[in-house]
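Data file: start_8.cif. Format and content: mmCIF, C-alpha atoms and all ligand atoms.
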data_run
loop_
_atom_site.label_atom_id
_atom_site.label_comp_id
_atom_site.auth_asym_id
_atom_site.auth_seq_id
_atom_site.Cartn_x
_atom_site.Cartn_y
_atom_site.Cartn_z
CA MET D 7 82.75 126.45 102.69
CA ALA D 8 86.36 125.27 102.72
CA GLY D 9 89.21 127.20 104.27
CA SER D 10 88.08 127.68 107.88
CA THR D 11 90.83 125.46 109.32
CA PHE D 12 94.46 126.49 109.91
CA GLY D 13 97.44 124.36 110.99
CA ASN D 14 98.68 120.80 110.53
CA ILE D 15 99.31 119.45 114.06
CA PHE D 16 97.99 122.33 116.20
CA ARG D 17 94.81 122.94 114.19
CA CYS D 18 92.06 125.49 114.70
CA THR D 19 88.72 125.84 112.94
CA THR D 20 86.88 129.14 113.38
CA TRP D 21 83.10 129.32 113.01
CA GLY D 22 80.24 131.84 113.25
CA GLU D 23 79.06 135.09 111.71
CA SER D 24 79.15 138.71 112.85
CA HIS D 25 75.38 138.88 113.44
CA GLY D 26 74.66 135.22 114.16
CA LYS D 27 74.01 133.85 117.66
CA ALA D 28 77.66 133.29 118.52
CA ILE D 29 81.16 133.00 117.17
CA GLY D 30 83.98 130.66 118.16
CA VAL D 31 86.71 128.15 117.45
CA VAL D 32 87.65 124.51 117.90
CA VAL D 33 91.33 123.84 118.60
CA ASP D 34 92.54 120.28 118.06
CA GLY D 35 96.06 118.97 118.60
CA CYS D 36 96.92 120.95 121.73
CA PRO D 37 99.20 118.86 123.95
CA ALA D 38 97.73 117.83 127.31
CA GLY D 39 98.92 119.52 130.50
CA LEU D 40 99.03 123.18 129.43
CA SER D 41 97.62 125.47 132.14
CA LEU D 42 94.54 127.17 130.71
CA GLU D 43 91.68 129.17 132.19
CA GLU D 44 89.00 131.40 130.67
CA GLU D 45 90.47 134.40 132.57
CA LYS D 46 93.81 133.97 130.77
CA ILE D 47 92.18 133.85 127.33
CA GLN D 48 89.93 136.79 128.22
CA ILE D 49 92.98 139.06 128.54
CA TYR D 50 93.68 138.52 124.83
CA MET D 51 89.97 138.85 123.92
CA ASP D 52 89.81 142.22 125.71
CA ARG D 53 92.65 143.57 123.57
CA ARG D 54 90.54 142.86 120.45
CA LYS D 55 87.17 143.89 121.94
CA PRO D 56 85.24 146.70 120.19
CA GLY D 57 83.96 149.91 121.80
CA GLN D 58 86.92 150.52 124.12
CA ASN D 59 87.71 154.01 122.87
CA ARG D 60 86.84 156.39 120.05
CA PHE D 61 89.38 154.71 117.76
CA SER D 62 87.34 151.53 117.40
CA THR D 63 83.76 150.66 116.41
CA GLN D 64 81.17 151.61 119.04
CA ARG D 65 79.55 148.16 118.90
CA LYS D 66 79.31 147.18 122.60
CA GLU D 67 80.25 143.55 123.16
CA SER D 68 81.62 141.93 126.30
CA ASP D 69 83.28 139.26 124.10
CA SER D 70 83.23 136.90 127.10
CA ILE D 71 84.92 133.63 126.27
CA GLU D 72 83.51 130.30 127.45
CA ILE D 73 85.53 127.11 127.23
CA LEU D 74 83.14 124.27 126.42
CA SER D 75 85.53 121.32 126.27
CA GLY D 76 89.11 120.07 126.38
CA VAL D 77 90.10 121.62 129.74
CA PHE D 78 89.82 119.91 133.13
CA GLU D 79 90.98 121.26 136.49
CA GLY D 80 92.75 124.17 134.77
CA LYS D 81 94.75 122.04 132.33
CA THR D 82 94.29 121.01 128.71
CA THR D 83 93.35 117.34 128.35
CA GLY D 84 94.72 116.76 124.83
CA THR D 85 91.19 116.59 123.39
CA PRO D 86 89.48 119.25 121.19
CA ILE D 87 89.11 122.61 122.95
CA SER D 88 85.88 124.31 121.91
CA MET D 89 85.40 127.99 122.75
CA ILE D 90 82.42 130.28 122.23
CA VAL D 91 81.64 134.01 122.43
CA ARG D 92 77.97 134.98 122.27
CA ASN D 93 77.10 138.00 120.10
CA GLU D 94 75.20 140.57 122.18
CA ASP D 95 74.93 143.89 120.36
CA GLN D 96 73.89 143.19 116.77
CA HIS D 97 72.14 146.05 114.97
CA SER D 98 71.21 143.90 111.99
CA LYS D 99 68.75 146.48 110.66
CA ASP D 100 71.70 148.84 109.97
CA TYR D 101 72.72 146.33 107.32
CA LYS D 102 69.32 145.67 105.65
CA ASP D 103 70.02 147.94 102.66
CA ILE D 104 73.34 146.17 102.05
CA ALA D 105 71.41 143.14 100.81
CA SER D 106 70.50 145.13 97.69
CA TYR D 107 73.91 146.52 96.69
CA TYR D 108 77.64 145.84 96.73
CA ARG D 109 79.80 147.86 99.13
CA PRO D 110 83.13 148.95 97.58
CA GLY D 111 86.11 147.32 99.32
CA HIS D 112 83.97 144.56 100.88
CA ALA D 113 83.43 140.89 100.05
CA ASP D 114 79.73 141.39 99.10
CA TYR D 115 80.23 141.05 95.34
CA THR D 116 82.64 138.11 95.49
CA PHE D 117 80.55 136.14 98.04
CA ASP D 118 77.47 136.55 95.79
CA GLU D 119 79.45 135.48 92.71
CA LYS D 120 80.90 132.46 94.52
CA PHE D 121 77.96 131.22 96.60
CA GLY D 122 74.94 132.88 94.94
CA PHE D 123 73.83 133.92 98.43
CA ARG D 124 75.33 135.80 101.37
CA ASP D 125 74.74 136.69 105.01
CA TYR D 126 74.73 140.46 104.47
CA ARG D 127 74.41 141.31 108.21
CA GLY D 128 77.72 142.97 109.04
CA GLY D 129 79.65 141.01 106.43
CA GLY D 130 78.76 137.61 107.90
CA ARG D 131 81.79 135.36 107.76
CA SER D 132 84.04 138.03 106.18
CA SER D 133 83.50 140.35 109.17
CA GLY D 134 86.33 141.42 111.47
CA ARG D 135 84.39 139.55 114.19
CA GLU D 136 85.55 136.25 112.69
CA THR D 137 88.95 137.07 114.22
CA ILE D 138 87.51 136.34 117.70
CA GLY D 139 88.10 132.64 117.07
CA ARG D 140 91.66 133.31 115.87
CA VAL D 141 92.46 135.31 119.02
CA ALA D 142 91.01 132.64 121.34
CA ALA D 143 93.06 129.91 119.59
CA GLY D 144 96.07 132.23 119.39
CA ALA D 145 95.88 132.80 123.15
CA ILE D 146 96.44 129.06 123.68
CA ALA D 147 99.38 129.06 121.25
CA LEU D 148 100.85 132.15 122.95
CA GLU D 149 100.59 130.50 126.37
CA ALA D 150 102.26 127.35 125.00
CA LEU D 151 105.04 129.42 123.40
CA LYS D 152 105.66 131.21 126.72
CA GLU D 153 106.48 127.83 128.25
CA LEU D 154 109.16 127.44 125.56
CA GLY D 155 110.56 130.94 126.19
CA VAL D 156 109.23 132.28 122.88
CA GLN D 157 107.73 135.77 122.99
CA VAL D 158 105.49 137.24 120.28
CA THR D 159 104.88 141.00 120.46
CA ALA D 160 102.85 143.02 117.95
CA TYR D 161 102.16 146.74 117.85
CA THR D 162 100.91 149.44 115.48
CA SER D 163 103.90 150.82 113.59
CA GLN D 164 102.10 153.19 111.18
CA ILE D 165 98.73 154.88 110.73
CA GLY D 166 98.18 156.90 107.58
CA ASN D 167 101.46 158.79 107.08
CA VAL D 168 102.47 158.68 110.78
CA LYS D 169 105.21 156.09 111.44
CA VAL D 170 106.86 155.10 114.70
CA ASP D 171 110.54 155.94 115.12
CA ARG D 172 111.99 152.43 115.62
CA VAL D 173 114.61 153.76 118.03
CA LYS D 174 111.76 154.78 120.37
CA VAL D 175 109.84 151.49 120.12
CA ASP D 176 109.74 150.27 123.74
CA ARG D 177 107.64 147.17 124.38
CA HIS D 178 106.44 148.65 127.68
CA ASN D 179 104.75 151.55 125.88
CA ILE D 180 102.45 149.41 123.72
CA MET D 181 99.63 149.23 126.26
CA LYS D 182 100.08 152.91 127.21
CA SER D 183 98.83 153.95 123.76
CA PRO D 184 95.06 153.62 123.02
CA ILE D 185 96.09 152.58 119.49
CA TYR D 186 98.96 150.28 120.63
CA MET D 187 101.67 152.52 119.12
CA PRO D 188 104.78 152.26 121.34
CA ASP D 189 106.36 155.54 120.19
CA LEU D 190 104.04 157.73 122.27
CA GLU D 191 104.77 160.94 120.38
CA ALA D 192 103.86 159.25 117.07
CA SER D 193 100.80 157.74 118.78
CA GLN D 194 99.53 161.25 119.62
CA ARG D 195 99.95 162.43 116.01
CA ALA D 196 98.31 159.26 114.68
CA MET D 197 95.25 159.78 116.92
CA GLU D 198 94.90 163.32 115.57
CA ALA D 199 95.11 161.95 112.02
CA ILE D 200 92.34 159.42 112.79
CA ASP D 201 90.12 162.17 114.26
CA PHE D 202 90.69 164.27 111.14
CA ALA D 203 89.86 161.37 108.79
CA ARG D 204 86.68 160.67 110.74
CA LYS D 205 85.56 164.31 110.45
CA GLU D 206 86.01 163.91 106.69
CA CYS D 207 83.72 160.80 106.87
CA ASP D 208 86.74 158.74 105.81
CA SER D 209 89.09 156.06 107.22
CA LEU D 210 92.86 155.36 107.37
CA GLY D 211 95.19 152.45 106.63
CA GLY D 212 98.00 151.25 108.87
CA MET D 213 100.84 148.84 109.55
CA VAL D 214 101.23 146.26 112.32
CA ASP D 215 104.74 145.03 113.16
CA CYS D 216 105.26 141.77 115.02
CA VAL D 217 108.57 140.74 116.62
CA VAL D 218 109.32 137.17 117.75
CA THR D 219 112.15 136.62 120.24
CA GLY D 220 113.48 133.44 121.82
CA LEU D 221 112.60 131.14 118.92
CA PRO D 222 115.32 128.48 118.57
CA ALA D 223 117.03 127.80 115.24
CA GLY D 224 115.52 125.07 113.05
CA VAL D 225 111.79 125.92 112.97
CA GLY D 226 110.19 125.78 109.49
CA GLU D 227 110.28 123.14 106.76
CA PRO D 228 112.14 123.39 103.45
CA VAL D 229 110.05 124.07 100.29
CA PHE D 230 106.26 124.61 100.78
CA ASP D 231 106.12 124.90 104.57
CA LYS D 232 108.87 127.48 104.91
CA LEU D 233 108.46 129.54 108.07
CA ASP D 234 108.20 132.82 106.15
CA ALA D 235 105.72 131.30 103.66
CA ARG D 236 103.48 129.97 106.44
CA LEU D 237 103.66 133.28 108.35
CA ALA D 238 102.71 135.20 105.21
CA GLN D 239 99.71 132.94 104.57
CA ALA D 240 98.60 133.16 108.19
CA VAL D 241 98.75 136.95 108.37
CA MET D 242 97.50 137.55 104.82
CA SER D 243 94.35 135.59 105.74
CA ILE D 244 93.34 138.38 108.15
CA GLY D 245 90.72 140.65 106.55
CA ALA D 246 92.08 143.92 105.10
CA VAL D 247 95.75 142.79 105.02
CA LYS D 248 97.21 143.69 101.65
CA GLY D 249 100.92 143.09 102.19
CA VAL D 250 103.24 141.09 104.45
CA SER D 251 107.01 141.50 104.69
CA ILE D 252 109.78 139.84 106.70
CA GLY D 253 112.93 141.55 107.99
CA ALA D 254 114.15 144.25 105.60
CA GLY D 255 111.08 143.39 103.48
CA PHE D 256 110.43 145.32 100.29
CA THR D 257 113.56 147.47 100.73
CA VAL D 258 115.71 144.48 99.62
CA CYS D 259 114.86 145.10 95.97
CA SER D 260 116.91 148.33 95.98
CA SER D 261 119.73 146.95 98.11
CA LYS D 262 123.10 145.38 97.11
CA GLY D 263 124.21 141.89 98.16
CA SER D 264 127.08 143.38 100.14
CA ASP D 265 124.62 145.51 102.13
CA ASN D 266 121.82 143.01 102.45
CA ASN D 267 123.82 139.93 103.48
CA ASP D 268 123.98 139.50 107.24
CA GLU D 269 127.55 138.53 108.11
CA PHE D 270 127.89 135.88 110.79
CA THR D 271 129.87 137.16 113.77
CA GLY D 272 130.61 133.94 115.62
CA ASP D 273 128.89 135.26 118.76
CA ASP D 274 127.49 132.61 121.05
CA PRO D 275 123.77 132.48 120.23
CA HIS D 276 123.03 131.49 123.83
CA GLU D 277 124.86 134.47 125.26
CA ASN D 278 122.45 136.62 123.38
CA LYS D 279 120.33 139.72 123.50
CA ARG D 280 117.09 137.81 124.03
CA GLY D 281 116.92 139.23 127.54
CA MET D 282 117.04 142.77 126.14
CA VAL D 283 113.75 142.52 124.32
CA ASN D 284 112.16 145.72 125.58
CA TYR D 285 113.87 147.31 122.60
CA PHE D 286 113.78 145.31 119.37
CA PHE D 287 115.87 147.73 117.35
CA ASP D 288 119.39 149.09 117.92
CA GLU D 289 120.29 152.77 118.25
CA ASP D 290 120.24 153.09 114.42
CA GLY D 291 116.75 151.58 114.18
CA ASN D 292 118.00 148.24 112.79
CA LEU D 293 116.50 144.93 113.93
CA ILE D 294 118.71 143.42 116.64
CA SER D 295 120.71 140.26 115.85
CA ASN D 296 122.27 137.75 118.24
CA ILE D 297 124.52 135.91 115.80
CA LYS D 298 125.00 138.22 112.82
CA SER D 299 126.27 141.78 112.24
CA THR D 300 122.83 142.76 110.89
CA ASN D 301 119.42 141.05 110.66
CA ASN D 302 118.02 141.97 107.24
CA ALA D 303 116.87 138.36 106.89
CA GLY D 304 114.53 138.92 109.82
CA GLY D 305 115.56 135.75 111.62
CA ILE D 306 114.69 133.36 108.76
CA LEU D 307 117.11 131.75 106.27
CA GLY D 308 115.90 129.19 103.72
CA GLY D 309 112.50 129.17 105.38
CA ILE D 310 114.04 128.05 108.70
CA SER D 311 114.49 130.14 111.87
CA ASP D 312 118.11 131.07 112.68
CA SER D 313 117.45 131.95 116.38
CA ASP D 314 117.53 135.72 115.73
CA PRO D 315 114.48 137.92 116.33
CA ILE D 316 111.88 137.67 113.55
CA LEU D 317 110.28 140.86 112.28
CA LEU D 318 107.02 140.61 110.33
CA SER D 319 105.14 143.67 109.04
CA ALA D 320 101.51 143.59 107.87
CA ALA D 321 99.95 146.39 105.80
CA PHE D 322 96.24 147.00 106.46
CA LYS D 323 94.07 148.88 104.00
CA PRO D 324 91.77 151.68 105.25
CA THR D 325 88.42 150.50 106.66
CA PRO D 326 86.20 150.00 103.60
CA SER D 327 82.95 151.13 105.32
CA ILE D 328 82.96 154.93 105.19
CA SER D 329 80.12 157.42 105.49
CA LYS D 330 81.59 159.54 102.68
CA GLN D 331 79.46 159.23 99.54
CA GLN D 332 80.65 156.52 97.11
CA ARG D 333 79.47 155.18 93.78
CA THR D 334 78.50 151.51 93.39
CA ILE D 335 75.99 149.16 91.77
CA SER D 336 72.86 147.40 93.01
CA ILE D 337 72.69 143.57 92.79
CA SER D 338 70.81 144.05 89.52
CA GLY D 339 73.71 146.12 88.15
CA LYS D 340 72.12 149.59 88.42
CA GLY D 341 74.49 152.50 89.30
CA MET D 342 73.79 154.24 92.63
CA ASP D 343 75.29 156.53 95.31
CA ILE D 344 75.72 155.21 98.82
CA SER D 345 76.92 156.44 102.22
CA ILE D 346 77.56 153.58 104.65
CA GLN D 347 75.98 153.92 108.09
CA GLY D 348 76.39 151.65 111.12
CA ARG D 349 79.33 151.35 113.52
CA HIS D 350 82.79 150.84 112.08
CA ASP D 351 86.46 151.01 113.02
CA PRO D 352 87.90 154.30 111.67
CA VAL D 353 91.19 152.38 111.23
CA ILE D 354 91.68 148.60 111.39
CA ALA D 355 95.37 148.17 112.31
CA PRO D 356 95.12 148.85 116.10
CA ARG D 357 92.25 146.37 116.56
CA ALA D 358 94.18 143.82 114.53
CA VAL D 359 97.39 143.97 116.61
CA VAL D 360 96.38 141.02 118.80
CA VAL D 361 95.04 139.21 115.71
CA VAL D 362 98.46 139.41 114.03
CA GLU D 363 100.10 138.24 117.26
CA SER D 364 97.64 135.31 117.35
CA MET D 365 98.19 134.22 113.74
CA VAL D 366 101.97 134.39 114.19
CA ALA D 367 101.71 132.31 117.39
CA LEU D 368 99.45 129.70 115.73
CA THR D 369 101.99 129.33 112.92
CA LEU D 370 105.00 129.09 115.23
CA PHE D 371 103.53 126.57 117.63
CA ASP D 372 102.30 124.36 114.78
CA LEU D 373 105.74 124.45 113.11
CA LEU D 374 107.52 123.87 116.43
CA LEU D 375 105.49 120.69 116.90
CA THR D 376 106.24 119.70 113.28
CA SER D 377 109.97 120.25 113.92
CA MET D 378 109.92 117.55 116.60
CA THR D 379 110.12 114.97 113.80
CA SER D 380 113.10 116.56 111.99
CA ARG D 381 115.86 114.37 113.48
CA MET D 382 116.08 110.65 114.12
CA ASP D 383 118.04 111.17 117.35
CA ALA D 384 115.23 113.36 118.72
CA VAL D 385 112.63 110.73 117.76
CA VAL D 386 114.69 108.02 119.49
CA ASP D 387 115.12 110.23 122.59
CA PHE D 388 111.38 110.77 122.77
CA PHE D 389 110.44 107.07 122.65
CA ARG D 390 113.36 105.67 124.63
C1 LIG D 401 89.86 143.24 113.43
C2 LIG D 401 89.17 143.71 112.17
C3 LIG D 401 88.17 144.68 112.26
C4 LIG D 401 87.54 145.14 111.10
N1 LIG D 401 86.56 146.10 111.24
C5 LIG D 401 85.93 146.58 110.12
C6 LIG D 401 84.92 147.56 110.23
O1 LIG D 401 84.55 148.02 111.33
N2 LIG D 401 84.35 148.00 109.09
C7 LIG D 401 84.72 147.53 107.85
O2 LIG D 401 84.19 147.97 106.86
N3 LIG D 401 85.69 146.60 107.71
C8 LIG D 401 86.30 146.11 108.82
N4 LIG D 401 87.28 145.15 108.67
C9 LIG D 401 87.74 144.77 107.33
C10 LIG D 401 86.83 143.90 106.53
O3 LIG D 401 86.47 142.76 107.27
C11 LIG D 401 87.53 143.49 105.22
O4 LIG D 401 88.16 144.58 104.64
C12 LIG D 401 86.50 142.98 104.22
O5 LIG D 401 85.94 141.77 104.68
C13 LIG D 401 87.09 142.72 102.81
O6 LIG D 401 88.17 141.81 102.86
P1 LIG D 401 89.60 142.19 102.26
O7 LIG D 401 89.89 143.59 102.71
O8 LIG D 401 90.55 141.20 102.87
O9 LIG D 401 89.52 142.08 100.76
C14 LIG D 401 87.91 144.64 109.81
C15 LIG D 401 88.91 143.66 109.74
C16 LIG D 401 89.55 143.20 110.90
C17 LIG D 401 90.63 142.16 110.77
#

Conversion result in structure tokens:
Amino acid sequence: MAGSTFGNIFRCTTWGESHGKAIGVVVDGCPAGLSLEEEKIQIYMDRRKPGQNRFSTQRKESDSIEILSGVFEGKTTGTPISMIVRNEDQHSKDYKDIASYYRPGHADYTFDEKFGFRDYRGGGRSSGRETIGRVAAGAIALEALKELGVQVTAYTSQIGNVKVDRVKVDRHNIMKSPIYMPDLEASQRAMEAIDFARKECDSLGGMVDCVVTGLPAGVGEPVFDKLDARLAQAVMSIGAVKGVSIGAGFTVCSSKGSDNNDEFTGDDPHENKRGMVNYFFDEDGNLISNIKSTNNAGGILGGISDSDPILLSAAFKPTPSISKQQRTISISGKGMDISIQGRHDPVIAPRAVVVVESMVALTLFDLLLTSMTSRMDAVVDFFR
């Protein structure tokens, strides 16, 4: 099956199925000398781990990461880094019936049409558990970005109809909310909405916002490898993502040029607001800019970073597995009623926060490395 590898220079290949023996990733192209330990990566894995509270699936997994190669005496060696998480709590029998019918909103039908065969246990390769490999690789990219002063921060910005008030979005509150919603009053209302949906045997959709600060100008390639295009592909490849926007996003279509253009102010980009990143939005709820009067562009012009904060938003559909009765067809095409059992996330967005952060980091670090070849003087400096 093609399509399991992401990146050009910093490349990762995820492998494994939800109910197989293990799941993992191979990262190739990581520069040597980056400090890396299992404990560091585990912090990111724990943010994705299931069964932590009533707002995620009750599957109990330790999701303990093991580094098999590419790290020696706490530092990357420049060779492929292979990482594995062993699956521990599969209830494959919960999924036996699924072999005989197609679940609405899942990849069952399309996998069968494409491959003529599918691992029906928990969705196999299309399961949310595939994102374990992305988070392990993303943890390495995030650690590398930290060394460059680039910070990537994602959080839940909406669940159902409950949205955060951007003025109240304080980075320090993200981990105080069980659903990673940094406006704590909105977080409370969102948790009530999830409880209500669950009582109705239903699920909810949500939005994850991701803000990048400290990225220098010049990252991203003209034409096909534009920074925004690569970010959209990276985040859209996460299961259940149905929309990605940058900066002012879909509101631009009803805006005027005079409102949407971000006027340059002539401020020194180095004497900037990067240090003030606990709040990403100003007192009117607009994305902060260092060099422009506004930041509707979301830090990207012509597919290249302009040194301003980047805002990416990802829309997640409601969890497709619901115990509410639904109509579908068997694999032989016969109509039937189903009610999906097993353990599922009542809402996907909060569990995907660290996955979005990881995919953004993988994209940025890969494009940062690519940017090292943009200028002859930089190439000469490197080899001199
Ligand atoms: C972190 C994460 C967790 C997920 N958990 C579940 C889940 O518990 N139950 C479920 O039905 N779908 C879950 N999904 C979504 C399905 O994997 C996804 O909707 C399905 O494979 C169909 O793909 P599509 O929505 O991209 O078309 C999860 C996705 C992610 C990224």

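Here the question is which of D:Gly128, D:Gly30, D:Pro188, D:Gly291 gets nearest to ligand LIG 401 (chain D) using all atoms listed in the file, and that residue is D:Gly128.
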
Two-atom distance - CA of Gly220 (chain D), CA of Leu154 (chain D) (Å): 8.3 Å

Expected answer as a list of chain:residue names: residues within 6 Å of ligand LIG 401 (chain D), all atoms listed in the file: D:Thr63, D:Gly111, D:His112, D:Ala113, D:Ser132, D:Ser133, D:Gly134, D:Ile244, D:Gly245, D:Ala246, D:Val247, D:Thr325, D:Pro326, D:Ser327, D:His350, D:Asp351, D:Ile354, D:Arg357, D:Ala358

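With all atoms listed in the file as the atoms that count, the residue of D:Asp171, D:Asp103, D:Asp273, D:Glu79 with the shortest distance to Phe286 (chain D) is D:Asp171.
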
Show me, as a compact mmCIF listing (two decimals) with C-alpha atoms, keeping the file's coordinate frame, the residues that have an atom within 9 Å of Glu94 (chain D) when counting all atoms listed in the file, minus same-chain residues fewer than 2 positions from it.
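To be explicit, this is the file written out as part.txt:
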# COMPACT_ATOMS: atom_id res chain seq x y z
CA HIS D 25 75.38 138.88 113.44
CA LYS D 27 74.01 133.85 117.66
CA ALA D 28 77.66 133.29 118.52
CA LYS D 66 79.31 147.18 122.60
CA GLU D 67 80.25 143.55 123.16
CA SER D 68 81.62 141.93 126.30
CA ASP D 69 83.28 139.26 124.10
CA ARG D 92 77.97 134.98 122.27
CA GLN D 96 73.89 143.19 116.77

Protein, DNA and RNA residues within 8 Å of (74.9, 139.6, 106.3), only C-alpha atoms, as a ChimeraX atom specification: /D:24-25,101,104-105,124-130

Best match for closeness to Lys205 (chain D) among D:Ser163, D:Ser380, D:Ser243, D:Ser329, counting only C-alpha atoms: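 The answer is D:Ser329, which sits nearest to Lys205 (chain D).
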
Dump C-alpha atoms of region 44-119 of chain D from the given block, as a compact mmCIF listing (two decimals), in the first residue's frame.
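This went into result-v2.txt:
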# COMPACT_ATOMS: atom_id res chain seq x y z
CA GLU D 44 12.19 7.55 25.32
CA GLU D 45 10.97 9.57 28.34
CA LYS D 46 10.82 12.75 26.22
CA ILE D 47 8.80 11.07 23.47
CA GLN D 48 6.54 9.41 26.05
CA ILE D 49 5.29 12.84 27.19
CA TYR D 50 3.80 13.35 23.72
CA MET D 51 2.48 9.76 23.56
CA ASP D 52 0.67 10.25 26.89
CA ARG D 53 -1.20 13.26 25.49
CA ARG D 54 -2.64 11.00 22.74
CA LYS D 55 -3.16 7.90 24.93
CA PRO D 56 -6.71 6.50 25.20
CA GLY D 57 -8.66 5.86 28.41
CA GLN D 58 -7.46 8.92 30.34
CA ASN D 59 -10.90 10.32 31.09
CA ARG D 60 -14.54 9.86 30.10
CA PHE D 61 -14.04 12.01 26.99
CA SER D 62 -11.91 9.41 25.22
CA THR D 63 -12.26 5.71 24.34
CA GLN D 64 -11.97 3.38 27.35
CA ARG D 65 -9.44 1.15 25.57
CA LYS D 66 -6.64 0.80 28.16
CA GLU D 67 -3.21 1.06 26.58
CA SER D 68 0.05 2.16 28.17
CA ASP D 69 1.28 3.26 24.71
CA SER D 70 4.85 2.83 25.96
CA ILE D 71 7.34 3.87 23.31
CA GLU D 72 10.52 1.89 22.68
CA ILE D 73 13.33 3.28 20.54
CA LEU D 74 14.87 0.39 18.62
CA SER D 75 17.56 2.19 16.63
CA GLY D 76 19.18 5.48 15.65
CA VAL D 77 19.89 6.80 19.16
CA PHE D 78 23.11 6.27 21.12
CA GLU D 79 24.01 7.72 24.52
CA GLY D 80 20.93 9.96 24.44
CA LYS D 81 21.63 11.49 21.02
CA THR D 82 20.43 10.78 17.49
CA THR D 83 23.12 9.17 15.33
CA GLY D 84 21.87 10.35 11.92
CA THR D 85 20.70 6.83 11.04
CA PRO D 86 17.05 5.60 10.82
CA ILE D 87 15.20 5.89 14.13
CA SER D 88 12.76 3.01 14.55
CA MET D 89 10.12 3.24 17.28
CA ILE D 90 7.51 0.72 18.43
CA VAL D 91 4.44 0.65 20.69
CA ARG D 92 3.03 -2.78 21.50
CA ASN D 93 -0.78 -3.11 21.40
CA GLU D 94 -2.03 -4.47 24.74
CA ASP D 95 -5.81 -4.15 25.03
CA GLN D 96 -7.35 -5.36 21.78
CA HIS D 97 -10.94 -6.59 22.01
CA SER D 98 -10.95 -7.95 18.48
CA LYS D 99 -14.16 -9.91 19.03
CA ASP D 100 -16.04 -6.59 19.38
CA TYR D 101 -15.29 -6.10 15.70
CA LYS D 102 -16.16 -9.59 14.34
CA ASP D 103 -19.56 -8.53 12.98
CA ILE D 104 -17.96 -5.61 11.13
CA ALA D 105 -16.42 -8.09 8.69
CA SER D 106 -19.90 -8.67 7.26
CA TYR D 107 -21.10 -5.08 6.78
CA TYR D 108 -19.97 -1.54 6.01
CA ARG D 109 -20.01 1.00 8.85
CA PRO D 110 -21.27 4.45 7.76
CA GLY D 111 -18.55 7.10 7.99
CA HIS D 112 -15.73 4.52 8.06
CA ALA D 113 -13.24 3.29 5.46
CA ASP D 114 -14.71 -0.27 5.36
CA TYR D 115 -16.42 0.09 1.97
CA THR D 116 -13.57 1.92 0.25
CA PHE D 117 -10.85 -0.45 1.57
CA ASP D 118 -12.86 -3.44 0.26
CA GLU D 119 -13.39 -1.75 -3.12
